[in-house]
>>> print(open('start.pdb').read())   # PDB, C-alpha atoms, pLDDT in the B column
ATOM      1  CA  MET A   1       0.000   0.000   0.000  1.00 55.00           C
ATOM      2  CA  ASN A   2       2.854   2.400   0.829  1.00 56.00           C
ATOM      3  CA  ASN A   3       4.425   1.618  -2.545  1.00 63.00           C
ATOM      4  CA  ILE A   4       1.224   2.643  -4.349  1.00 57.00           C
ATOM      5  CA  ILE A   5       1.013   5.871  -2.350  1.00 54.00           C
ATOM      6  CA  SER A   6       4.651   6.724  -3.057  1.00 61.00           C
ATOM      7  CA  LYS A   7       4.134   6.114  -6.799  1.00 60.00           C
ATOM      8  CA  LEU A   8       1.030   8.312  -6.725  1.00 56.00           C
ATOM      9  CA  GLU A   9       2.954  11.093  -4.938  1.00 61.00           C
ATOM     10  CA  TYR A  10       5.796  10.772  -7.457  1.00 61.00           C
ATOM     11  CA  ASN A  11       3.396  10.991 -10.423  1.00 65.00           C
ATOM     12  CA  THR A  12       1.620  13.967  -8.848  1.00 68.00           C
ATOM     13  CA  ALA A  13       4.963  15.725  -8.399  1.00 66.00           C
ATOM     14  CA  LYS A  14       5.806  15.068 -12.069  1.00 70.00           C
ATOM     15  CA  VAL A  15       2.489  16.539 -13.236  1.00 66.00           C
ATOM     16  CA  ILE A  16       2.903  19.610 -11.014  1.00 70.00           C
ATOM     17  CA  THR A  17       6.479  20.115 -12.235  1.00 73.00           C
ATOM     18  CA  PHE A  18       5.434  19.800 -15.879  1.00 69.00           C
ATOM     19  CA  GLY A  19       2.564  22.246 -15.330  1.00 67.00           C
ATOM     20  CA  ALA A  20       4.829  24.766 -13.607  1.00 70.00           C
ATOM     21  CA  LEU A  21       7.447  24.571 -16.360  1.00 66.00           C
ATOM     22  CA  THR A  22       4.766  24.924 -19.038  1.00 69.00           C
ATOM     23  CA  PHE A  23       3.367  27.955 -17.235  1.00 68.00           C
ATOM     24  CA  LEU A  24       6.856  29.402 -16.890  1.00 68.00           C
ATOM     25  CA  PHE A  25       7.907  28.999 -20.534  1.00 67.00           C
ATOM     26  CA  ALA A  26       4.558  29.807 -22.186  1.00 66.00           C
ATOM     27  CA  PRO A  27       5.387  33.539 -22.466  1.00 64.00           C
ATOM     28  CA  PHE A  28       8.608  32.727 -24.320  1.00 62.00           C
ATOM     29  CA  ILE A  29       6.635  30.783 -26.896  1.00 61.00           C
ATOM     30  CA  ALA A  30       3.982  33.495 -27.175  1.00 59.00           C
ATOM     31  CA  PHE A  31       6.547  36.288 -27.525  1.00 57.00           C
ATOM     32  CA  ALA A  32       8.872  34.411 -29.847  1.00 57.00           C
ATOM     33  CA  GLN A  33       8.151  36.952 -32.586  1.00 59.00           C
ATOM     34  CA  ALA A  34      10.203  39.762 -31.020  1.00 56.00           C
ATOM     35  CA  GLY A  35      11.695  41.790 -33.838  1.00 66.00           C
ATOM     36  CA  THR A  36      14.960  42.936 -32.324  1.00 69.00           C
ATOM     37  CA  VAL A  37      17.229  41.915 -29.489  1.00 68.00           C
ATOM     38  CA  GLN A  38      16.196  45.049 -27.619  1.00 69.00           C
ATOM     39  CA  GLN A  39      12.531  44.018 -27.829  1.00 70.00           C
ATOM     40  CA  LEU A  40      13.386  40.501 -26.674  1.00 69.00           C
ATOM     41  CA  ILE A  41      15.349  41.854 -23.696  1.00 69.00           C
ATOM     42  CA  GLY A  42      12.404  44.103 -22.858  1.00 70.00           C
ATOM     43  CA  ILE A  43      10.004  41.157 -22.972  1.00 72.00           C
ATOM     44  CA  VAL A  44      12.225  38.944 -20.832  1.00 72.00           C
ATOM     45  CA  GLY A  45      12.764  41.833 -18.395  1.00 73.00           C
ATOM     46  CA  GLY A  46       9.004  42.327 -18.154  1.00 74.00           C
ATOM     47  CA  ILE A  47       8.472  38.640 -17.412  1.00 78.00           C
ATOM     48  CA  ILE A  48      11.173  38.734 -14.731  1.00 77.00           C
ATOM     49  CA  ALA A  49       9.635  41.894 -13.260  1.00 76.00           C
ATOM     50  CA  LEU A  50       6.305  40.078 -13.007  1.00 81.00           C
ATOM     51  CA  ALA A  51       7.948  37.012 -11.429  1.00 83.00           C
ATOM     52  CA  ILE A  52       9.790  38.909  -8.687  1.00 84.00           C
ATOM     53  CA  PRO A  53       6.700  39.561  -6.488  1.00 86.00           C
ATOM     54  CA  VAL A  54       5.725  35.901  -6.842  1.00 88.00           C
ATOM     55  CA  VAL A  55       9.168  34.728  -5.720  1.00 89.00           C
ATOM     56  CA  ILE A  56       9.154  37.176  -2.800  1.00 90.00           C
ATOM     57  CA  SER A  57       5.707  35.904  -1.803  1.00 91.00           C
ATOM     58  CA  LEU A  58       6.930  32.301  -1.895  1.00 91.00           C
ATOM     59  CA  ALA A  59       9.930  33.156   0.304  1.00 91.00           C
ATOM     60  CA  LEU A  60       7.653  34.959   2.750  1.00 93.00           C
ATOM     61  CA  LEU A  61       5.257  31.996   2.767  1.00 93.00           C
ATOM     62  CA  TYR A  62       8.221  29.691   3.475  1.00 91.00           C
ATOM     63  CA  PHE A  63       9.204  31.878   6.439  1.00 93.00           C
ATOM     64  CA  PHE A  64       5.672  31.798   7.868  1.00 94.00           C
ATOM     65  CA  TRP A  65       5.530  28.035   7.373  1.00 92.00           C
ATOM     66  CA  GLY A  66       8.632  27.745   9.550  1.00 91.00           C
ATOM     67  CA  LEU A  67       7.095  30.122  12.090  1.00 93.00           C
ATOM     68  CA  ALA A  68       3.927  28.014  12.261  1.00 92.00           C
ATOM     69  CA  LYS A  69       5.992  24.862  12.635  1.00 91.00           C
ATOM     70  CA  PHE A  70       8.019  26.528  15.410  1.00 91.00           C
ATOM     71  CA  ILE A  71       4.887  27.610  17.310  1.00 91.00           C
ATOM     72  CA  LEU A  72       2.778  24.474  16.799  1.00 91.00           C
ATOM     73  CA  HIS A  73       5.576  22.126  17.887  1.00 89.00           C
ATOM     74  CA  ALA A  74       6.683  24.085  20.935  1.00 86.00           C
ATOM     75  CA  ASP A  75       6.919  20.910  23.011  1.00 89.00           C
ATOM     76  CA  ASP A  76       9.150  18.976  20.584  1.00 88.00           C
ATOM     77  CA  GLU A  77      12.703  20.334  20.509  1.00 90.00           C
ATOM     78  CA  SER A  78      13.686  18.722  17.175  1.00 89.00           C
ATOM     79  CA  GLU A  79      10.604  20.107  15.380  1.00 88.00           C
ATOM     80  CA  ARG A  80      11.260  23.538  16.905  1.00 90.00           C
ATOM     81  CA  ALA A  81      14.804  23.381  15.529  1.00 91.00           C
ATOM     82  CA  LYS A  82      13.450  22.472  12.080  1.00 91.00           C
ATOM     83  CA  GLY A  83      11.009  25.381  12.247  1.00 90.00           C
ATOM     84  CA  LYS A  84      13.786  27.737  13.310  1.00 92.00           C
ATOM     85  CA  SER A  85      15.957  26.533  10.428  1.00 92.00           C
ATOM     86  CA  ILE A  86      13.118  27.098   7.950  1.00 91.00           C
ATOM     87  CA  MET A  87      12.588  30.625   9.294  1.00 92.00           C
ATOM     88  CA  VAL A  88      16.290  31.429   8.981  1.00 94.00           C
ATOM     89  CA  TRP A  89      16.439  30.188   5.392  1.00 92.00           C
ATOM     90  CA  GLY A  90      13.245  32.096   4.576  1.00 91.00           C
ATOM     91  CA  ILE A  91      14.825  35.314   5.827  1.00 94.00           C
ATOM     92  CA  VAL A  92      18.047  34.549   3.937  1.00 93.00           C
ATOM     93  CA  ALA A  93      16.028  33.964   0.749  1.00 92.00           C
ATOM     94  CA  LEU A  94      14.140  37.248   1.208  1.00 92.00           C
ATOM     95  CA  PHE A  95      17.393  39.108   1.835  1.00 93.00           C
ATOM     96  CA  VAL A  96      19.068  37.645  -1.259  1.00 92.00           C
ATOM     97  CA  ILE A  97      16.054  38.289  -3.506  1.00 88.00           C
ATOM     98  CA  VAL A  98      15.613  41.907  -2.413  1.00 88.00           C
ATOM     99  CA  THR A  99      19.369  42.581  -2.514  1.00 90.00           C
ATOM    100  CA  VAL A 100      19.787  41.218  -6.037  1.00 85.00           C
ATOM    101  CA  TRP A 101      16.665  43.122  -7.117  1.00 83.00           C
ATOM    102  CA  GLY A 102      18.179  46.355  -5.723  1.00 83.00           C
ATOM    103  CA  ILE A 103      21.595  45.775  -7.274  1.00 85.00           C
ATOM    104  CA  ILE A 104      20.014  45.135 -10.672  1.00 79.00           C
ATOM    105  CA  ALA A 105      17.929  48.318 -10.336  1.00 77.00           C
ATOM    106  CA  VAL A 106      21.038  50.357  -9.485  1.00 81.00           C
ATOM    107  CA  LEU A 107      23.014  48.876 -12.381  1.00 79.00           C
ATOM    108  CA  GLN A 108      20.111  49.441 -14.759  1.00 74.00           C
ATOM    109  CA  SER A 109      19.672  53.073 -13.763  1.00 74.00           C
ATOM    110  CA  THR A 110      23.445  53.637 -13.913  1.00 79.00           C
ATOM    111  CA  PHE A 111      24.192  52.100 -17.301  1.00 73.00           C
ATOM    112  CA  ILE A 112      20.875  52.195 -19.160  1.00 69.00           C
ATOM    113  CA  GLY A 113      19.061  55.101 -17.546  1.00 65.00           C
ATOM    114  CA  PRO A 114      15.985  55.497 -15.377  1.00 62.00           C
ATOM    115  CA  GLY A 115      13.628  54.304 -18.101  1.00 57.00           C
ATOM    116  CA  GLY A 116      15.549  51.120 -18.800  1.00 60.00           C
ATOM    117  CA  ILE A 117      15.302  49.411 -22.143  1.00 56.00           C
ATOM    118  CA  THR A 118      11.543  49.859 -22.346  1.00 55.00           C
ATOM    119  CA  GLY A 119      11.694  53.638 -21.735  1.00 57.00           C
ATOM    120  CA  CYS A 120       9.286  53.452 -18.818  1.00 62.00           C
ATOM    121  CA  ALA A 121      10.453  55.696 -15.979  1.00 56.00           C
ATOM    122  CA  VAL A 122       7.987  54.338 -13.393  1.00 60.00           C
ATOM    123  CA  SER A 123       6.837  50.735 -13.386  1.00 62.00           C
ATOM    124  CA  VAL A 124       4.795  48.814 -10.838  1.00 62.00           C
ATOM    125  CA  PHE A 125       5.380  45.048 -11.025  1.00 59.00           C
ATOM    126  CA  GLY A 126       6.551  45.374 -14.600  1.00 57.00           C
ATOM    127  CA  VAL A 127       3.600  47.495 -15.781  1.00 63.00           C
ATOM    128  CA  CYS A 128       4.426  50.996 -17.039  1.00 65.00           C
ATOM    129  CA  VAL A 129       2.382  53.642 -15.235  1.00 58.00           C
ATOM    130  CA  THR A 130       3.652  56.776 -16.999  1.00 53.00           C
TER     131      THR A 130
END
>>> encode(input="start.pdb", output="structure tokens")
Amino acid sequence: MNNIISKLEYNTAKVITFGALTFLFAPFIAFAQAGTVQQLIGIVGGIIALAIPVVISLALLYFFWGLAKFILHADDESERAKGKSIMVWGIVALFVIVTVWGIIAVLQSTFIGPGGITGCAVSVFGVCVT
């Protein structure tokens, strides 16, 4: 019975992975008709700009999962340690994501200009608001 359950979990993981990869690469297929390299870089940059809030949300969710594990298993020392480790790695992930995002923004404004490749001076989650 455990063998059947493990096979079912493995197949479910494969389907979820395939679906996530399809969802991730669908914009590249849809925008494959970019005329110039500059347009292609703008499209890829827009997709990355849309993905950043999602990745930050996942890191924050991971942190809160560790916090919940830490609180709910207050009586078990090993589970508390696991929860603490998850919280630490969640904070590290958030720090790395936000730091890299900031460094890229500084480099972009230094070398390309405030509008970037797309020419949009102000953008909210990859959408130009000017």
>>> atom_distance(input="start.pdb", atom1="atom CA of A:Val96", atom2="atom CA of A:Lys82")
21.0 Å
>>> atom_distance(input="start.pdb", atom1="atom CA of A:Gly45", atom2="atom CA of A:Ile97")
15.7 Å
>>> atom_distance(input="start.pdb", atom1="atom CA of A:Gly102", atom2="atom CA of A:Val54")
16.3 Å
>>> closest_residue(input="start.pdb", among="A:Val55, A:Gly66, A:Gly42, A:Ala81", to="A:Trp101", atoms="only C-alpha atoms")
A:Val55
>>> closest_residue(input="start.pdb", among="A:Leu94, A:Ile47, A:His73, A:Ile86", to="A:Leu60", atoms="all atoms listed in the file")
A:Leu94
>>> residues_around(input="start.pdb", residues="A:Phe70", least_positions_apart="5", cutoff="7 Å", atoms="all atoms listed in the file", output="list in words")
Glu79, Arg80, Gly83 and Lys84 of chain A
>>> build_atoms(input="start.pdb", residues="stretch 51-82 of chain A", atoms="N, CA and C atoms", output="PDB file, in the coordinates of the input")
ATOM      1  N   ALA A  51       7.662  38.190 -12.252  1.00 83.00           N
ATOM      2  CA  ALA A  51       7.948  37.012 -11.429  1.00 83.00           C
ATOM      3  C   ALA A  51       8.526  37.375 -10.067  1.00 83.00           C
ATOM      4  N   ILE A  52       9.139  38.533  -9.944  1.00 84.00           N
ATOM      5  CA  ILE A  52       9.790  38.909  -8.687  1.00 84.00           C
ATOM      6  C   ILE A  52       8.804  38.946  -7.513  1.00 84.00           C
ATOM      7  N   PRO A  53       7.636  39.578  -7.627  1.00 86.00           N
ATOM      8  CA  PRO A  53       6.700  39.561  -6.488  1.00 86.00           C
ATOM      9  C   PRO A  53       6.241  38.140  -6.125  1.00 86.00           C
ATOM     10  N   VAL A  54       6.121  37.274  -7.115  1.00 88.00           N
ATOM     11  CA  VAL A  54       5.725  35.901  -6.842  1.00 88.00           C
ATOM     12  C   VAL A  54       6.812  35.191  -6.040  1.00 88.00           C
ATOM     13  N   VAL A  55       8.059  35.374  -6.421  1.00 89.00           N
ATOM     14  CA  VAL A  55       9.168  34.728  -5.720  1.00 89.00           C
ATOM     15  C   VAL A  55       9.293  35.283  -4.301  1.00 89.00           C
ATOM     16  N   ILE A  56       9.112  36.578  -4.137  1.00 90.00           N
ATOM     17  CA  ILE A  56       9.154  37.176  -2.800  1.00 90.00           C
ATOM     18  C   ILE A  56       8.014  36.619  -1.947  1.00 90.00           C
ATOM     19  N   SER A  57       6.842  36.472  -2.535  1.00 91.00           N
ATOM     20  CA  SER A  57       5.707  35.904  -1.803  1.00 91.00           C
ATOM     21  C   SER A  57       5.984  34.469  -1.380  1.00 91.00           C
ATOM     22  N   LEU A  58       6.603  33.682  -2.254  1.00 91.00           N
ATOM     23  CA  LEU A  58       6.930  32.301  -1.895  1.00 91.00           C
ATOM     24  C   LEU A  58       7.954  32.244  -0.762  1.00 91.00           C
ATOM     25  N   ALA A  59       8.940  33.120  -0.780  1.00 91.00           N
ATOM     26  CA  ALA A  59       9.930  33.156   0.304  1.00 91.00           C
ATOM     27  C   ALA A  59       9.274  33.575   1.614  1.00 91.00           C
ATOM     28  N   LEU A  60       8.365  34.528   1.556  1.00 93.00           N
ATOM     29  CA  LEU A  60       7.653  34.959   2.750  1.00 93.00           C
ATOM     30  C   LEU A  60       6.751  33.843   3.278  1.00 93.00           C
ATOM     31  N   LEU A  61       6.086  33.134   2.381  1.00 93.00           N
ATOM     32  CA  LEU A  61       5.257  31.996   2.767  1.00 93.00           C
ATOM     33  C   LEU A  61       6.101  30.910   3.424  1.00 93.00           C
ATOM     34  N   TYR A  62       7.302  30.669   2.901  1.00 91.00           N
ATOM     35  CA  TYR A  62       8.221  29.691   3.475  1.00 91.00           C
ATOM     36  C   TYR A  62       8.615  30.099   4.897  1.00 91.00           C
ATOM     37  N   PHE A  63       8.874  31.382   5.102  1.00 93.00           N
ATOM     38  CA  PHE A  63       9.204  31.878   6.439  1.00 93.00           C
ATOM     39  C   PHE A  63       8.048  31.630   7.398  1.00 93.00           C
ATOM     40  N   PHE A  64       6.829  31.973   6.982  1.00 94.00           N
ATOM     41  CA  PHE A  64       5.672  31.798   7.868  1.00 94.00           C
ATOM     42  C   PHE A  64       5.367  30.320   8.117  1.00 94.00           C
ATOM     43  N   TRP A  65       5.683  29.471   7.154  1.00 92.00           N
ATOM     44  CA  TRP A  65       5.530  28.035   7.373  1.00 92.00           C
ATOM     45  C   TRP A  65       6.467  27.582   8.497  1.00 92.00           C
ATOM     46  N   GLY A  66       7.692  28.058   8.483  1.00 91.00           N
ATOM     47  CA  GLY A  66       8.632  27.745   9.550  1.00 91.00           C
ATOM     48  C   GLY A  66       8.174  28.312  10.887  1.00 91.00           C
ATOM     49  N   LEU A  67       7.606  29.517  10.869  1.00 93.00           N
ATOM     50  CA  LEU A  67       7.095  30.122  12.090  1.00 93.00           C
ATOM     51  C   LEU A  67       5.947  29.292  12.667  1.00 93.00           C
ATOM     52  N   ALA A  68       5.038  28.846  11.802  1.00 92.00           N
ATOM     53  CA  ALA A  68       3.927  28.014  12.261  1.00 92.00           C
ATOM     54  C   ALA A  68       4.442  26.686  12.822  1.00 92.00           C
ATOM     55  N   LYS A  69       5.409  26.116  12.158  1.00 91.00           N
ATOM     56  CA  LYS A  69       5.992  24.862  12.635  1.00 91.00           C
ATOM     57  C   LYS A  69       6.663  25.074  13.991  1.00 91.00           C
ATOM     58  N   PHE A  70       7.343  26.197  14.155  1.00 91.00           N
ATOM     59  CA  PHE A  70       8.019  26.528  15.410  1.00 91.00           C
ATOM     60  C   PHE A  70       7.005  26.681  16.545  1.00 91.00           C
ATOM     61  N   ILE A  71       5.891  27.359  16.277  1.00 91.00           N
ATOM     62  CA  ILE A  71       4.887  27.610  17.310  1.00 91.00           C
ATOM     63  C   ILE A  71       4.074  26.359  17.624  1.00 91.00           C
ATOM     64  N   LEU A  72       3.646  25.638  16.583  1.00 91.00           N
ATOM     65  CA  LEU A  72       2.778  24.474  16.799  1.00 91.00           C
ATOM     66  C   LEU A  72       3.502  23.311  17.456  1.00 91.00           C
ATOM     67  N   HIS A  73       4.805  23.222  17.294  1.00 89.00           N
ATOM     68  CA  HIS A  73       5.576  22.126  17.887  1.00 89.00           C
ATOM     69  C   HIS A  73       6.478  22.659  18.998  1.00 89.00           C
ATOM     70  N   ALA A  74       5.895  23.486  19.860  1.00 86.00           N
ATOM     71  CA  ALA A  74       6.683  24.085  20.935  1.00 86.00           C
ATOM     72  C   ALA A  74       7.187  23.054  21.939  1.00 86.00           C
ATOM     73  N   ASP A  75       6.511  21.921  22.041  1.00 89.00           N
ATOM     74  CA  ASP A  75       6.919  20.910  23.011  1.00 89.00           C
ATOM     75  C   ASP A  75       7.998  19.973  22.485  1.00 89.00           C
ATOM     76  N   ASP A  76       8.161  19.881  21.182  1.00 88.00           N
ATOM     77  CA  ASP A  76       9.150  18.976  20.584  1.00 88.00           C
ATOM     78  C   ASP A  76      10.369  19.788  20.134  1.00 88.00           C
ATOM     79  N   GLU A  77      11.498  19.534  20.773  1.00 90.00           N
ATOM     80  CA  GLU A  77      12.703  20.334  20.509  1.00 90.00           C
ATOM     81  C   GLU A  77      13.224  20.160  19.085  1.00 90.00           C
ATOM     82  N   SER A  78      13.170  18.934  18.535  1.00 89.00           N
ATOM     83  CA  SER A  78      13.686  18.722  17.175  1.00 89.00           C
ATOM     84  C   SER A  78      12.811  19.419  16.130  1.00 89.00           C
ATOM     85  N   GLU A  79      11.499  19.412  16.316  1.00 88.00           N
ATOM     86  CA  GLU A  79      10.604  20.107  15.380  1.00 88.00           C
ATOM     87  C   GLU A  79      10.763  21.622  15.503  1.00 88.00           C
ATOM     88  N   ARG A  80      11.001  22.107  16.732  1.00 90.00           N
ATOM     89  CA  ARG A  80      11.260  23.538  16.905  1.00 90.00           C
ATOM     90  C   ARG A  80      12.531  23.943  16.171  1.00 90.00           C
ATOM     91  N   ALA A  81      13.544  23.084  16.231  1.00 91.00           N
ATOM     92  CA  ALA A  81      14.804  23.381  15.529  1.00 91.00           C
ATOM     93  C   ALA A  81      14.592  23.400  14.021  1.00 91.00           C
ATOM     94  N   LYS A  82      13.760  22.474  13.520  1.00 91.00           N
ATOM     95  CA  LYS A  82      13.450  22.472  12.080  1.00 91.00           C
ATOM     96  C   LYS A  82      12.708  23.749  11.689  1.00 91.00           C
TER      97      LYS A  82
END
